[in-house]
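Okay, target_12.txt now, which holds compact mmCIF, N, CA and C atoms:
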# COMPACT_ATOMS: atom_id res chain seq x y z
N MET A 1 0.85 -1.19 0.00
CA MET A 1 0.00 0.00 0.00
C MET A 1 0.89 1.24 0.00
N LYS A 2 0.70 2.08 -0.97
CA LYS A 2 1.48 3.29 -1.10
C LYS A 2 0.64 4.45 -0.57
N ILE A 3 1.16 5.16 0.45
CA ILE A 3 0.38 6.26 1.02
C ILE A 3 0.69 7.60 0.37
N TYR A 4 1.78 7.66 -0.38
CA TYR A 4 2.16 8.93 -0.99
C TYR A 4 2.97 8.68 -2.24
N GLU A 5 2.73 9.47 -3.28
CA GLU A 5 3.51 9.37 -4.50
C GLU A 5 4.18 10.71 -4.77
N HIS A 6 5.49 10.68 -4.89
CA HIS A 6 6.27 11.89 -5.13
C HIS A 6 6.04 12.40 -6.55
N THR A 7 5.85 13.71 -6.67
CA THR A 7 5.72 14.34 -7.98
C THR A 7 7.01 15.10 -8.27
N PRO A 8 7.74 14.73 -9.34
CA PRO A 8 8.98 15.45 -9.64
C PRO A 8 8.70 16.91 -10.01
N HIS A 9 9.72 17.71 -9.87
CA HIS A 9 9.59 19.15 -10.11
C HIS A 9 9.25 19.43 -11.58
N PRO A 10 8.16 20.15 -11.85
CA PRO A 10 7.72 20.38 -13.23
C PRO A 10 8.47 21.50 -13.95
N HIS A 11 9.22 22.29 -13.23
CA HIS A 11 9.84 23.48 -13.82
C HIS A 11 10.86 23.14 -14.89
N VAL A 12 11.59 22.07 -14.70
CA VAL A 12 12.69 21.76 -15.62
C VAL A 12 12.18 21.61 -17.05
N GLU A 13 11.16 20.81 -17.24
CA GLU A 13 10.64 20.59 -18.60
C GLU A 13 9.99 21.86 -19.17
N SER A 14 9.22 22.57 -18.36
CA SER A 14 8.57 23.77 -18.89
C SER A 14 9.58 24.86 -19.22
N ARG A 15 10.65 24.94 -18.45
CA ARG A 15 11.67 25.98 -18.68
C ARG A 15 12.44 25.71 -19.96
N LYS A 16 12.62 24.44 -20.29
CA LYS A 16 13.32 24.11 -21.53
C LYS A 16 12.52 24.57 -22.75
N LYS A 17 11.20 24.66 -22.61
CA LYS A 17 10.34 25.01 -23.73
C LYS A 17 10.25 26.51 -23.96
N ARG A 18 10.56 27.31 -22.95
CA ARG A 18 10.44 28.75 -23.13
C ARG A 18 11.69 29.46 -22.60
N ALA A 19 12.19 30.38 -23.40
CA ALA A 19 13.35 31.17 -23.01
C ALA A 19 12.89 32.47 -22.38
N PRO A 20 13.71 33.05 -21.51
CA PRO A 20 13.31 34.34 -20.95
C PRO A 20 13.22 35.40 -22.04
N LYS A 21 12.24 36.26 -21.94
CA LYS A 21 12.05 37.31 -22.94
C LYS A 21 12.52 38.65 -22.38
N PRO A 22 13.35 39.36 -23.14
CA PRO A 22 13.78 40.68 -22.65
C PRO A 22 12.62 41.66 -22.67
N LYS A 23 12.66 42.57 -21.71
CA LYS A 23 11.61 43.58 -21.63
C LYS A 23 11.81 44.63 -22.72
N ALA A 24 10.71 45.13 -23.23
CA ALA A 24 10.77 46.21 -24.22
C ALA A 24 11.16 47.50 -23.50
N PRO A 25 11.95 48.35 -24.16
CA PRO A 25 12.33 49.60 -23.51
C PRO A 25 11.11 50.50 -23.32
N PRO A 26 11.07 51.24 -22.22
CA PRO A 26 9.93 52.15 -21.99
C PRO A 26 9.99 53.35 -22.92
N GLY A 27 8.89 53.96 -23.14
CA GLY A 27 8.84 55.17 -23.96
C GLY A 27 8.15 54.95 -25.28
N GLY A 28 8.15 55.99 -26.08
CA GLY A 28 7.47 55.96 -27.36
C GLY A 28 8.34 55.39 -28.46
N PRO A 29 7.91 55.63 -29.70
CA PRO A 29 8.64 55.07 -30.85
C PRO A 29 10.08 55.57 -30.96
N VAL A 30 10.32 56.83 -30.63
CA VAL A 30 11.70 57.36 -30.72
C VAL A 30 12.59 56.65 -29.71
N ALA A 31 12.11 56.47 -28.50
CA ALA A 31 12.90 55.79 -27.47
C ALA A 31 13.16 54.34 -27.87
N ARG A 32 12.16 53.68 -28.45
CA ARG A 32 12.35 52.29 -28.89
C ARG A 32 13.36 52.21 -30.03
N PHE A 33 13.27 53.18 -30.97
CA PHE A 33 14.24 53.21 -32.08
C PHE A 33 15.65 53.45 -31.56
N ASN A 34 15.81 54.41 -30.63
CA ASN A 34 17.13 54.70 -30.06
C ASN A 34 17.68 53.47 -29.33
N ALA A 35 16.84 52.78 -28.59
CA ALA A 35 17.28 51.58 -27.88
C ALA A 35 17.69 50.50 -28.88
N PHE A 36 16.90 50.34 -29.94
CA PHE A 36 17.20 49.35 -30.97
C PHE A 36 18.54 49.67 -31.63
N LEU A 37 18.73 50.93 -32.05
CA LEU A 37 19.96 51.33 -32.72
C LEU A 37 21.16 51.20 -31.79
N GLY A 38 21.00 51.64 -30.56
CA GLY A 38 22.09 51.53 -29.59
C GLY A 38 22.49 50.09 -29.34
N GLU A 39 21.49 49.23 -29.25
CA GLU A 39 21.77 47.80 -29.02
C GLU A 39 22.49 47.20 -30.21
N ARG A 40 22.07 47.54 -31.43
CA ARG A 40 22.73 47.02 -32.64
C ARG A 40 24.17 47.50 -32.75
N ILE A 41 24.40 48.78 -32.49
CA ILE A 41 25.77 49.32 -32.56
C ILE A 41 26.64 48.68 -31.48
N THR A 42 26.10 48.55 -30.28
CA THR A 42 26.85 47.93 -29.18
C THR A 42 27.19 46.49 -29.52
N ARG A 43 26.23 45.77 -30.08
CA ARG A 43 26.48 44.38 -30.46
C ARG A 43 27.55 44.30 -31.55
N GLY A 44 27.56 45.26 -32.49
CA GLY A 44 28.55 45.26 -33.56
C GLY A 44 29.94 45.64 -33.06
N VAL A 45 30.02 46.68 -32.25
CA VAL A 45 31.32 47.15 -31.75
C VAL A 45 31.90 46.14 -30.75
N GLY A 46 31.04 45.42 -30.06
CA GLY A 46 31.50 44.46 -29.06
C GLY A 46 31.83 43.11 -29.65
N THR A 47 32.55 43.07 -30.77
CA THR A 47 32.98 41.81 -31.37
C THR A 47 34.48 41.86 -31.59
N MET A 48 35.10 40.72 -31.66
CA MET A 48 36.53 40.67 -31.94
C MET A 48 36.81 41.13 -33.37
N TRP A 49 35.89 40.93 -34.29
CA TRP A 49 36.10 41.40 -35.67
C TRP A 49 36.19 42.92 -35.71
N CYS A 50 35.39 43.57 -34.90
CA CYS A 50 35.46 45.03 -34.83
C CYS A 50 36.80 45.45 -34.20
N ALA A 51 37.25 44.72 -33.18
CA ALA A 51 38.54 45.02 -32.56
C ALA A 51 39.66 44.87 -33.59
N TYR A 52 39.58 43.84 -34.44
CA TYR A 52 40.59 43.67 -35.49
C TYR A 52 40.56 44.84 -36.47
N ALA A 53 39.36 45.26 -36.84
CA ALA A 53 39.23 46.39 -37.77
C ALA A 53 39.78 47.67 -37.15
N PHE A 54 39.46 47.92 -35.88
CA PHE A 54 39.97 49.11 -35.19
C PHE A 54 41.50 49.05 -35.08
N ALA A 55 42.04 47.84 -34.82
CA ALA A 55 43.50 47.70 -34.73
C ALA A 55 44.14 48.03 -36.07
N LEU A 56 43.54 47.55 -37.15
CA LEU A 56 44.06 47.83 -38.48
C LEU A 56 44.05 49.35 -38.74
N ILE A 57 42.94 49.99 -38.40
CA ILE A 57 42.86 51.45 -38.58
C ILE A 57 43.92 52.15 -37.74
N ALA A 58 44.10 51.69 -36.50
CA ALA A 58 45.08 52.32 -35.62
C ALA A 58 46.50 52.13 -36.15
N PHE A 59 46.80 50.93 -36.64
CA PHE A 59 48.17 50.67 -37.12
C PHE A 59 48.51 51.44 -38.40
N ILE A 60 47.50 51.87 -39.13
CA ILE A 60 47.76 52.69 -40.33
C ILE A 60 48.43 54.00 -39.94
N SER A 61 48.04 54.54 -38.77
CA SER A 61 48.62 55.83 -38.35
C SER A 61 49.87 55.66 -37.49
N LEU A 62 50.27 54.43 -37.19
CA LEU A 62 51.45 54.19 -36.32
C LEU A 62 52.75 54.73 -36.93
N PRO A 63 53.05 54.48 -38.21
CA PRO A 63 54.33 55.00 -38.73
C PRO A 63 54.46 56.51 -38.59
N GLU A 64 53.38 57.22 -38.83
CA GLU A 64 53.43 58.68 -38.69
C GLU A 64 53.69 59.08 -37.24
N ALA A 65 53.10 58.35 -36.29
CA ALA A 65 53.31 58.65 -34.87
C ALA A 65 54.76 58.36 -34.46
N ILE A 66 55.35 57.32 -35.03
CA ILE A 66 56.74 56.98 -34.71
C ILE A 66 57.69 58.07 -35.23
N HIS A 67 57.43 58.53 -36.45
CA HIS A 67 58.30 59.58 -37.03
C HIS A 67 58.11 60.92 -36.34
N ALA A 68 56.95 61.16 -35.75
CA ALA A 68 56.69 62.45 -35.10
C ALA A 68 57.38 62.58 -33.76
N GLY A 69 57.84 61.48 -33.19
CA GLY A 69 58.57 61.56 -31.92
C GLY A 69 57.87 60.83 -30.79
N LYS A 70 58.60 60.86 -29.65
CA LYS A 70 58.15 60.13 -28.47
C LYS A 70 56.78 60.60 -27.98
N SER A 71 56.56 61.87 -27.93
CA SER A 71 55.30 62.43 -27.45
C SER A 71 54.13 61.99 -28.33
N ALA A 72 54.33 62.04 -29.63
CA ALA A 72 53.27 61.63 -30.56
C ALA A 72 53.00 60.12 -30.46
N LEU A 73 54.07 59.34 -30.24
CA LEU A 73 53.89 57.89 -30.09
C LEU A 73 53.10 57.56 -28.82
N ILE A 74 53.44 58.22 -27.73
CA ILE A 74 52.70 58.01 -26.48
C ILE A 74 51.24 58.44 -26.66
N SER A 75 51.04 59.53 -27.34
CA SER A 75 49.68 60.01 -27.64
C SER A 75 48.93 58.98 -28.48
N TRP A 76 49.61 58.42 -29.48
CA TRP A 76 48.98 57.42 -30.35
C TRP A 76 48.55 56.20 -29.54
N ILE A 77 49.46 55.74 -28.65
CA ILE A 77 49.14 54.56 -27.82
C ILE A 77 47.93 54.85 -26.94
N ALA A 78 47.95 56.00 -26.26
CA ALA A 78 46.89 56.31 -25.30
C ALA A 78 45.57 56.67 -25.97
N GLN A 79 45.63 57.47 -27.01
CA GLN A 79 44.40 57.99 -27.59
C GLN A 79 43.87 57.16 -28.75
N THR A 80 44.72 56.53 -29.48
CA THR A 80 44.27 55.79 -30.65
C THR A 80 44.12 54.31 -30.33
N PHE A 81 45.25 53.71 -29.98
CA PHE A 81 45.22 52.26 -29.83
C PHE A 81 44.40 51.82 -28.63
N LEU A 82 44.73 52.33 -27.45
CA LEU A 82 44.03 51.87 -26.25
C LEU A 82 42.53 52.16 -26.31
N GLN A 83 42.18 53.37 -26.65
CA GLN A 83 40.76 53.72 -26.65
C GLN A 83 40.00 53.03 -27.76
N LEU A 84 40.58 52.94 -28.92
CA LEU A 84 39.87 52.39 -30.08
C LEU A 84 39.80 50.87 -30.04
N VAL A 85 40.95 50.22 -29.83
CA VAL A 85 41.00 48.76 -29.91
C VAL A 85 40.49 48.11 -28.62
N LEU A 86 40.98 48.58 -27.49
CA LEU A 86 40.59 47.93 -26.24
C LEU A 86 39.11 48.11 -25.92
N LEU A 87 38.48 49.13 -26.45
CA LEU A 87 37.04 49.32 -26.26
C LEU A 87 36.28 48.09 -26.71
N SER A 88 36.56 47.62 -27.91
CA SER A 88 35.87 46.44 -28.43
C SER A 88 36.22 45.19 -27.65
N ILE A 89 37.48 45.04 -27.28
CA ILE A 89 37.90 43.85 -26.54
C ILE A 89 37.24 43.82 -25.16
N ILE A 90 37.18 44.96 -24.50
CA ILE A 90 36.51 45.02 -23.20
C ILE A 90 35.03 44.69 -23.33
N MET A 91 34.41 45.17 -24.39
CA MET A 91 32.99 44.87 -24.60
C MET A 91 32.77 43.38 -24.83
N VAL A 92 33.67 42.74 -25.57
CA VAL A 92 33.57 41.29 -25.78
C VAL A 92 33.67 40.58 -24.43
N GLY A 93 34.64 40.96 -23.63
CA GLY A 93 34.81 40.36 -22.30
C GLY A 93 33.58 40.55 -21.42
N GLN A 94 32.99 41.74 -21.48
CA GLN A 94 31.79 42.01 -20.69
C GLN A 94 30.62 41.15 -21.17
N LYS A 95 30.52 40.94 -22.48
CA LYS A 95 29.45 40.08 -22.99
C LYS A 95 29.62 38.65 -22.49
N VAL A 96 30.85 38.16 -22.51
CA VAL A 96 31.12 36.80 -22.04
C VAL A 96 30.80 36.69 -20.55
N GLU A 97 31.26 37.65 -19.77
CA GLU A 97 30.98 37.64 -18.33
C GLU A 97 29.49 37.78 -18.05
N GLY A 98 28.82 38.64 -18.80
CA GLY A 98 27.39 38.83 -18.62
C GLY A 98 26.59 37.57 -18.93
N ALA A 99 26.99 36.89 -20.00
CA ALA A 99 26.30 35.64 -20.36
C ALA A 99 26.51 34.59 -19.27
N ALA A 100 27.71 34.51 -18.74
CA ALA A 100 27.99 33.55 -17.67
C ALA A 100 27.19 33.90 -16.42
N ALA A 101 27.08 35.19 -16.11
CA ALA A 101 26.30 35.62 -14.95
C ALA A 101 24.82 35.30 -15.15
N ASP A 102 24.33 35.48 -16.36
CA ASP A 102 22.92 35.14 -16.65
C ASP A 102 22.67 33.65 -16.43
N VAL A 103 23.60 32.83 -16.88
CA VAL A 103 23.45 31.38 -16.70
C VAL A 103 23.46 31.03 -15.22
N ARG A 104 24.40 31.64 -14.47
CA ARG A 104 24.46 31.37 -13.02
C ARG A 104 23.19 31.82 -12.32
N ALA A 105 22.67 32.99 -12.68
CA ALA A 105 21.45 33.49 -12.05
C ALA A 105 20.27 32.59 -12.38
N ASP A 106 20.19 32.15 -13.62
CA ASP A 106 19.09 31.27 -14.03
C ASP A 106 19.19 29.92 -13.30
N ASP A 107 20.41 29.38 -13.20
CA ASP A 107 20.60 28.12 -12.49
C ASP A 107 20.25 28.27 -11.01
N THR A 108 20.65 29.38 -10.41
CA THR A 108 20.33 29.61 -9.00
C THR A 108 18.83 29.70 -8.79
N TYR A 109 18.14 30.38 -9.69
CA TYR A 109 16.68 30.48 -9.59
C TYR A 109 16.04 29.10 -9.71
N LYS A 110 16.50 28.32 -10.70
CA LYS A 110 15.94 26.97 -10.88
C LYS A 110 16.22 26.10 -9.67
N ASP A 111 17.44 26.20 -9.12
CA ASP A 111 17.78 25.42 -7.93
C ASP A 111 16.89 25.80 -6.75
N ALA A 112 16.70 27.10 -6.55
CA ALA A 112 15.87 27.55 -5.44
C ALA A 112 14.42 27.10 -5.61
N GLU A 113 13.92 27.20 -6.82
CA GLU A 113 12.55 26.77 -7.07
C GLU A 113 12.40 25.26 -6.87
N ALA A 114 13.39 24.50 -7.32
CA ALA A 114 13.35 23.04 -7.16
C ALA A 114 13.41 22.66 -5.69
N ILE A 115 14.26 23.35 -4.92
CA ILE A 115 14.36 23.07 -3.48
C ILE A 115 13.04 23.38 -2.79
N LEU A 116 12.41 24.50 -3.14
CA LEU A 116 11.11 24.83 -2.57
C LEU A 116 10.09 23.75 -2.92
N HIS A 117 10.10 23.32 -4.17
CA HIS A 117 9.18 22.27 -4.60
C HIS A 117 9.40 20.99 -3.80
N GLU A 118 10.67 20.61 -3.63
CA GLU A 118 10.98 19.40 -2.86
C GLU A 118 10.53 19.54 -1.41
N ALA A 119 10.72 20.71 -0.82
CA ALA A 119 10.28 20.93 0.56
C ALA A 119 8.76 20.79 0.67
N ILE A 120 8.03 21.30 -0.31
CA ILE A 120 6.58 21.16 -0.31
C ILE A 120 6.20 19.69 -0.46
N GLN A 121 6.94 18.96 -1.31
CA GLN A 121 6.68 17.52 -1.47
C GLN A 121 6.93 16.77 -0.16
N ILE A 122 7.99 17.10 0.54
CA ILE A 122 8.27 16.47 1.83
C ILE A 122 7.14 16.77 2.82
N GLN A 123 6.68 18.02 2.82
CA GLN A 123 5.59 18.40 3.72
C GLN A 123 4.33 17.60 3.40
N LYS A 124 4.01 17.42 2.13
CA LYS A 124 2.83 16.63 1.75
C LYS A 124 3.01 15.17 2.16
N HIS A 125 4.22 14.66 2.02
CA HIS A 125 4.50 13.28 2.42
C HIS A 125 4.30 13.12 3.92
N LEU A 126 4.81 14.06 4.69
CA LEU A 126 4.64 14.02 6.14
C LEU A 126 3.16 14.12 6.52
N GLU A 127 2.41 14.96 5.82
CA GLU A 127 0.98 15.07 6.09
C GLU A 127 0.26 13.76 5.81
N ALA A 128 0.66 13.08 4.72
CA ALA A 128 0.05 11.79 4.39
C ALA A 128 0.40 10.75 5.46
N GLN A 129 1.63 10.76 5.95
CA GLN A 129 2.01 9.84 7.02
C GLN A 129 1.24 10.15 8.29
N ASP A 130 1.11 11.44 8.61
CA ASP A 130 0.35 11.83 9.80
C ASP A 130 -1.09 11.34 9.71
N ALA A 131 -1.69 11.49 8.54
CA ALA A 131 -3.08 11.05 8.36
C ALA A 131 -3.19 9.54 8.55
N LEU A 132 -2.24 8.77 8.00
CA LEU A 132 -2.26 7.32 8.15
C LEU A 132 -2.08 6.93 9.61
N LEU A 133 -1.12 7.56 10.28
CA LEU A 133 -0.92 7.27 11.70
C LEU A 133 -2.16 7.62 12.53
N GLN A 134 -2.80 8.73 12.18
CA GLN A 134 -4.00 9.12 12.92
C GLN A 134 -5.11 8.10 12.70
N ARG A 135 -5.26 7.59 11.47
CA ARG A 135 -6.26 6.54 11.20
C ARG A 135 -5.96 5.28 12.01
N LEU A 136 -4.68 4.94 12.13
CA LEU A 136 -4.31 3.77 12.93
C LEU A 136 -4.64 3.98 14.40
N VAL A 137 -4.37 5.16 14.90
CA VAL A 137 -4.68 5.47 16.30
C VAL A 137 -6.19 5.43 16.51
N ASP A 138 -6.95 5.98 15.56
CA ASP A 138 -8.40 5.98 15.69
C ASP A 138 -8.98 4.57 15.56
N THR A 139 -8.36 3.73 14.74
CA THR A 139 -8.84 2.36 14.54
C THR A 139 -8.52 1.48 15.73
N PHE A 140 -7.38 1.70 16.35
CA PHE A 140 -6.93 0.87 17.46
C PHE A 140 -6.70 1.75 18.69
N PRO A 141 -7.77 2.15 19.37
CA PRO A 141 -7.64 3.01 20.55
C PRO A 141 -6.99 2.26 21.72
N ASN A 142 -6.56 2.99 22.70
CA ASN A 142 -6.00 2.46 23.96
C ASN A 142 -4.79 1.57 23.73
N GLY A 143 -4.04 1.83 22.68
CA GLY A 143 -2.81 1.08 22.45
C GLY A 143 -3.02 -0.32 21.95
N GLN A 144 -4.25 -0.68 21.60
CA GLN A 144 -4.53 -2.03 21.09
C GLN A 144 -3.74 -2.24 19.81
N LYS A 145 -3.15 -3.41 19.63
CA LYS A 145 -2.36 -3.70 18.45
C LYS A 145 -3.20 -4.51 17.47
N PRO A 146 -2.94 -4.35 16.18
CA PRO A 146 -3.70 -5.14 15.21
C PRO A 146 -3.52 -6.64 15.46
N GLY A 147 -4.61 -7.39 15.34
CA GLY A 147 -4.56 -8.84 15.52
C GLY A 147 -4.73 -9.27 16.96
N MET A 148 -4.82 -8.34 17.92
CA MET A 148 -4.99 -8.71 19.33
C MET A 148 -6.43 -8.42 19.75
N PRO A 149 -7.01 -9.29 20.55
CA PRO A 149 -8.38 -9.00 21.00
C PRO A 149 -8.38 -7.80 21.96
N SER A 150 -9.49 -7.06 21.93
CA SER A 150 -9.57 -5.90 22.81
C SER A 150 -9.88 -6.37 24.22
N ALA A 151 -9.46 -5.62 25.20
CA ALA A 151 -9.63 -5.99 26.61
C ALA A 151 -10.99 -5.66 27.14
Represent the structure contained in this file as structure tokens.
Amino acid sequence: MKIYEHTPHPHVESRKKRAPKPKAPPGGPVARFNAFLGERITRGVGTMWCAYAFALIAFISLPEAIHAGKSALISWIAQTFLQLVLLSIIMVGQKVEGAAADVRADDTYKDAEAILHEAIQIQKHLEAQDALLQRLVDTFPNGQKPGMPSA
């Protein structure tokens, strides 16, 4: 006789079927267009291909900076190369870190929800056991054991 049947956590299967949806930016059509354009430009600049293109552009001006002297070379490094090339590389790194953080946050949420579900299942199991024990106590009052005649 089975007094309780465990129900596995339903979230895992349903979550696989639907991905989180990003929220639409607030505001009117101009704000939505600006958000769309900004997101597209950020996505484009935040690639290694863009970093390679910026490096190529920066290196075109390097010979002139070398011939202009030490001050111009330091200026080229600080203002051209670092700002132009490293911008894209930093953005790529931030995208990678952000994606990893999103996965960790999603996993943490799923773990917490699953743990809550399991705790509720344990509580239901305990309630079912309590009900069965109570029926036994009600059926056999005064400590009478099954199979023994009552006094």
Any idea what the distance is between atom N of A:Gln123 and atom C of A:Thr108?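 Straight-line distance from atom N of A:Gln123 to atom C of A:Thr108 works out to 20.5 Å.
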Between A:Ala100, A:Leu136, A:Ala31, A:Leu86, which has the minimum distance to A:Phe54 (counting only N, CA and C atoms)?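 The answer is A:Leu86, which sits nearest to A:Phe54.
Distance-wise, atom C of A:Lys110 and atom C of A:Leu126 end up 24.0 Å apart.
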Provide the atom CA of A:Leu56 to atom N of A:Thr80 distance in Å, to one decimal place.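 So the answer is 12.5 Å.
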The residue from A:Thr139, A:Gln94, A:Ser88, A:Gln129 with the smallest atom-to-atom distance to A:Gly44, counting all atoms listed in the file, is A:Ser88
